[in-house]
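First up is the structure itself, then whatever we jot down about it.
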Amino acid sequence: MSLTEESTQQSAAILYDNVKKRYDTESESILAIEDISLSVDQGEFISVVGPSGCGKSTLLHLAAGIFDPTDGRVEINGVDVQSDDHQKNSVGLVFQSPVLLDWRTVYDNIMLPVTVMSENGVLERDEEYYRERASDLLSMTGLEEFADAYPQELSGGMQQRVTICQSLVYDPDVLLMDEPFGALDALTKDKMNAELLRIWNETNKTILFITHDLEEAVFLSDRVVVLSPRPASILDVIDVDLPRPRTKETRHDETFVDLVSDTYEYFSE
Ligand SMILES: Nc1ncnc2c1ncn2[C@@H]1O[C@H](COP(=O)(O)OP(=O)(O)OP(=O)(O)O)[C@@H](O)[C@H]1O
């Protein structure tokens, strides 16, 4: 049975099947991804780490359908992301810098994807459902008092929470996160990690999380995928056998410390 057949039967949330990606520009041709096959289960939290410029974001952009693979295929819930049957609202995206509109309130920013989907006629439910969902997400992330505030009145961590609400408001199955806490200070990042795990636990999403921070990867994930320098291939997939819920104490657990140091091995010269 091929990887595609096997994983479709189990309906992988995300499937990379022999994926290769080359960027051809006028001046150069860059092979970003050599050959990657990876199956992410429904509800799994998986992190991708690798050296700078190795192709991590490319991997995420392929799952978001932003680029076509040069070879191979990428599926979300068993559907090729490049096919007409792919439902774009099955995927939510969070980037490192919050992309919020200054002139819209927090609540209106969270509702922005719903407004756009409504205008495009692709809303699955009536708007009232999403309005309630936006309010639930505001309270889940402790932002209910800031519903009428504007983004510039919020701290960086709070803005990133708004972005997470925005990506969850239309209830995607899969959340693709590209170094979402990379710009935050260490303490805020730890808090956001704990909060993300709580949200993940409450919403049962599948999360593909890109980070440079190996401790963050191990703390959050069920598995950590280690990529080679560009062109990216998978060097290892590390199972994180740590109990959940993960807490502050987890970071002092011997297994946690060992797993982080095992992962570091791939990056030492
Ligand atoms: N749209 C594009 N056009 C041309 N080249 C690109 C494009 N996007 C990425 N690349 C190139 O592909 C390679 C991989 O980039 P990518 O952003 O995927 O790596 P990354 O591991 O996420 O990087 P970083 O660790 O710096 O965030 C890089 O050499 C980059 O310059």
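Letters A, B, ... go to the chains of the structure tokens in the order shown; residues in each chain start at 1; ligands are counted from 1 in the same order.
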
_Environment of ligand 1 within 9 Å, counting only C-alpha atoms and all ligand atoms, reported as a PyMOL selection string_ = chain A and resi 21-25+28-33+49-61+67+178-179+210-212+227+229-232

Okay, now the selection with C-alpha atoms, as a tab-separated table (two decimals), in the first residue's frame?
```tsv
chain	number	residue	atom	x	y	z
A	21	LYS	CA	9.61	22.29	-3.95
A	22	ARG	CA	11.80	24.36	-6.22
A	23	TYR	CA	11.48	28.16	-6.52
A	24	ASP	CA	12.33	29.40	-9.98
A	25	THR	CA	12.96	33.12	-10.17
A	28	GLU	CA	18.01	31.69	-9.81
A	29	SER	CA	16.50	28.32	-9.11
A	30	ILE	CA	16.36	27.33	-5.44
A	31	LEU	CA	15.59	23.80	-4.35
A	32	ALA	CA	13.92	24.42	-0.98
A	33	ILE	CA	12.51	20.93	-0.32
A	49	VAL	CA	12.51	22.58	13.52
A	50	GLY	CA	15.55	23.06	11.30
A	51	PRO	CA	18.38	25.48	10.51
A	52	SER	CA	17.63	28.97	9.28
A	53	GLY	CA	16.47	29.09	5.69
A	54	CYS	CA	16.13	25.30	5.37
A	55	GLY	CA	12.54	25.33	4.10
A	56	LYS	CA	10.29	25.26	7.19
A	57	SER	CA	7.96	28.04	6.05
A	58	THR	CA	7.86	26.53	2.58
A	59	LEU	CA	6.53	23.32	4.11
A	60	LEU	CA	3.79	25.25	5.87
A	61	HIS	CA	2.94	27.34	2.79
A	67	PHE	CA	2.35	27.37	-3.47
A	178	ASP	CA	4.73	29.88	11.55
A	179	GLU	CA	6.84	30.91	14.55
A	210	ILE	CA	7.16	25.96	13.11
A	211	THR	CA	9.77	27.22	15.52
A	212	HIS	CA	13.49	27.90	15.97
A	227	LEU	CA	14.80	19.07	8.99
A	229	PRO	CA	19.82	22.27	5.96
A	230	ARG	CA	18.34	23.32	2.59
A	231	PRO	CA	17.21	21.54	0.55
A	232	ALA	CA	15.08	20.20	3.37
```

*Using only C-alpha atoms, which residues sit within 10 Å of Met192 in chain A once same-chain residues fewer than 3 positions away are excluded, as a list in words?*
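Skipping anything fewer than 3 positions along the chain leaves Thr141, Gly157, Met158, Gln160, Arg161, Pro180, Phe181, Leu184, Ala186, Leu187, Thr188, Lys189, Glu195, Leu196, Leu197 and Arg198 of chain A.
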
*Shell around Val260 in chain A at 6 Å using only C-alpha atoms, local window under 3 positions removed, as a ChimeraX atom specification*: /A:215,257,263

Would you save the residues of that selection, restricted to N, CA and C atoms, as a PDB file, in the first residue's frame?
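File produced: out28.pdb:
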```
ATOM      1  N   GLU A 215      13.261  23.972  22.769  1.00  0.00           N
ATOM      2  CA  GLU A 215      12.515  23.713  24.019  1.00  0.00           C
ATOM      3  C   GLU A 215      11.023  23.894  23.790  1.00  0.00           C
ATOM      4  N   VAL A 257      14.323  17.357  29.462  1.00  0.00           N
ATOM      5  CA  VAL A 257      15.693  17.872  29.297  1.00  0.00           C
ATOM      6  C   VAL A 257      16.463  16.983  28.305  1.00  0.00           C
ATOM      7  N   THR A 263      17.598  16.734  20.587  1.00  0.00           N
ATOM      8  CA  THR A 263      17.263  17.539  19.412  1.00  0.00           C
ATOM      9  C   THR A 263      18.417  18.489  19.073  1.00  0.00           C
TER      10      THR A 263
END
```

*Near Arg131 in chain A, within 8 Å and counting only C-alpha atoms, which residues show up once chain neighbours fewer than 4 positions away are dropped, as a list in words?*
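Non-adjacent residues within range: Met111, Glu127 and Ser135 of chain A.
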
_Between CA of Leu154 in chain A and CA of Phe219 in chain A, what distance in Å does the model show, to one decimal?_
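Rounded to one decimal, the two atoms are 26.4 Å apart.
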
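The closest residue to Ser39 in chain A, picked from A:Ala63, A:Ala149, A:Met140, A:Cys165 and counting only C-alpha atoms, is A:Ala63.
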
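Our summary of the geometry notes that CA of Pro69 in chain A is positioned 18.4 Å from CA of Ser228 in chain A.
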
*May I have all residues of range 86-188 of chain A that DSSP, computed from the backbone, assigns to alpha helix (DSSP H), given as a PyMOL selection string?*
chain A and resi 106-110+112-119+127-140+156-168+186-188

*Among listed residues A:Val169, A:Leu38, A:Val48, A:Ile14, nearest Val226 in chain A (using only C-alpha atoms)*: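 Among the listed residues, A:Val48 lies closest to Val226 in chain A.
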
*With only C-alpha atoms as the atoms that count, which of A:Leu138, A:Ala13, A:Leu259, A:Val162 lies nearest to Asn204 in chain A?*
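Counting only C-alpha atoms, the residue closest to Asn204 in chain A is A:Ala13.
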
*asked:* When DSSP is applied to the backbone of this structure, which of range 73-267 of chain A are assigned strand (DSSP E or B)? Write them out as a PyMOL selection string.
replied: chain A and resi 73-76+79-80+91-94+174-178+206-210+223-227+232+234-239

Put those residues in a file: N, CA and C atoms, as a compact mmCIF listing (two decimals), in the first residue's frame.
```txt
# COMPACT_ATOMS: atom_id res chain seq x y z
N ARG A 73 2.48 15.44 -3.66
CA ARG A 73 1.22 16.10 -3.33
C ARG A 73 1.08 16.35 -1.84
N VAL A 74 0.26 17.35 -1.52
CA VAL A 74 -0.04 17.67 -0.13
C VAL A 74 -1.55 17.58 0.03
N GLU A 75 -1.97 16.86 1.07
CA GLU A 75 -3.41 16.72 1.31
C GLU A 75 -3.79 17.24 2.69
N ILE A 76 -4.97 17.79 2.77
CA ILE A 76 -5.59 18.12 4.06
C ILE A 76 -6.86 17.28 4.14
N VAL A 79 -7.77 15.39 1.02
CA VAL A 79 -8.06 16.11 -0.24
C VAL A 79 -6.81 16.91 -0.65
N ASP A 80 -6.41 16.76 -1.89
CA ASP A 80 -5.26 17.49 -2.42
C ASP A 80 -5.51 19.00 -2.29
N VAL A 91 -8.38 25.16 6.95
CA VAL A 91 -7.05 25.50 7.43
C VAL A 91 -7.02 26.92 7.99
N GLY A 92 -6.40 27.09 9.17
CA GLY A 92 -6.20 28.42 9.74
C GLY A 92 -4.71 28.71 9.77
N LEU A 93 -4.35 29.97 9.58
CA LEU A 93 -2.93 30.34 9.50
C LEU A 93 -2.59 31.39 10.55
N VAL A 94 -1.45 31.19 11.22
CA VAL A 94 -0.96 32.22 12.16
C VAL A 94 0.51 32.47 11.84
N VAL A 174 -7.43 22.29 10.86
CA VAL A 174 -5.97 22.32 10.94
C VAL A 174 -5.49 23.75 11.16
N LEU A 175 -4.56 23.90 12.11
CA LEU A 175 -3.97 25.22 12.36
C LEU A 175 -2.49 25.16 11.97
N LEU A 176 -2.10 26.07 11.06
CA LEU A 176 -0.70 26.12 10.62
C LEU A 176 -0.08 27.36 11.25
N MET A 177 0.96 27.16 12.06
CA MET A 177 1.50 28.29 12.83
C MET A 177 2.99 28.45 12.52
N ASP A 178 3.35 29.62 11.98
CA ASP A 178 4.73 29.88 11.55
C ASP A 178 5.43 30.78 12.57
N THR A 206 -5.77 20.02 14.79
CA THR A 206 -4.46 19.49 14.43
C THR A 206 -3.57 20.70 14.26
N ILE A 207 -2.38 20.68 14.87
CA ILE A 207 -1.51 21.86 14.76
C ILE A 207 -0.14 21.48 14.18
N LEU A 208 0.23 22.23 13.14
CA LEU A 208 1.59 22.14 12.58
C LEU A 208 2.27 23.45 12.96
N PHE A 209 3.33 23.34 13.75
CA PHE A 209 3.92 24.50 14.42
C PHE A 209 5.39 24.62 14.04
N ILE A 210 5.76 25.76 13.49
CA ILE A 210 7.16 25.96 13.11
C ILE A 210 7.85 26.83 14.14
N ARG A 223 5.09 15.13 18.44
CA ARG A 223 6.29 14.73 17.67
C ARG A 223 7.00 15.99 17.20
N VAL A 224 8.32 15.90 17.11
CA VAL A 224 9.12 17.01 16.57
C VAL A 224 9.83 16.50 15.32
N VAL A 225 9.60 17.21 14.22
CA VAL A 225 10.24 16.85 12.95
C VAL A 225 11.50 17.71 12.80
N VAL A 226 12.65 17.05 12.62
CA VAL A 226 13.92 17.78 12.45
C VAL A 226 14.29 17.77 10.98
N LEU A 227 14.44 18.97 10.41
CA LEU A 227 14.80 19.07 8.99
C LEU A 227 16.30 19.30 8.81
N ALA A 232 15.55 20.93 2.20
CA ALA A 232 15.08 20.20 3.37
C ALA A 232 14.70 18.77 3.07
N ILE A 234 13.81 15.17 5.85
CA ILE A 234 13.59 14.89 7.27
C ILE A 234 14.77 14.09 7.83
N LEU A 235 15.44 14.66 8.84
CA LEU A 235 16.55 13.95 9.49
C LEU A 235 16.03 13.00 10.55
N ASP A 236 14.99 13.43 11.26
CA ASP A 236 14.46 12.59 12.34
C ASP A 236 13.06 13.07 12.70
N VAL A 237 12.27 12.15 13.23
CA VAL A 237 10.97 12.52 13.81
C VAL A 237 11.01 12.00 15.25
N ILE A 238 11.03 12.93 16.19
CA ILE A 238 11.24 12.56 17.60
C ILE A 238 9.89 12.47 18.32
N ASP A 239 9.59 11.31 18.89
CA ASP A 239 8.36 11.15 19.67
C ASP A 239 8.57 11.78 21.04
```

*What does the distance from CA of Asp126 in chain A to CA of Ile110 in chain A come to in Å, to one decimal?*
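According to the coordinates, CA of Asp126 in chain A and CA of Ile110 in chain A are separated by 16.1 Å.
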
*Which neighbours of Tyr107 in chain A fall inside 12 Å, counting only C-alpha atoms, when residues of the same chain fewer than 6 positions from it are skipped, and could you give them as a PyMOL selection string?*
chain A and resi 100-101+113-115+130-139+143-151+159+161-163+165-166+169

*For Tyr16 in chain A, which residue among A:Glu44, A:Glu216, A:Asp171, A:Asp71 is the nearest when counting only C-alpha atoms?*
A:Asp71
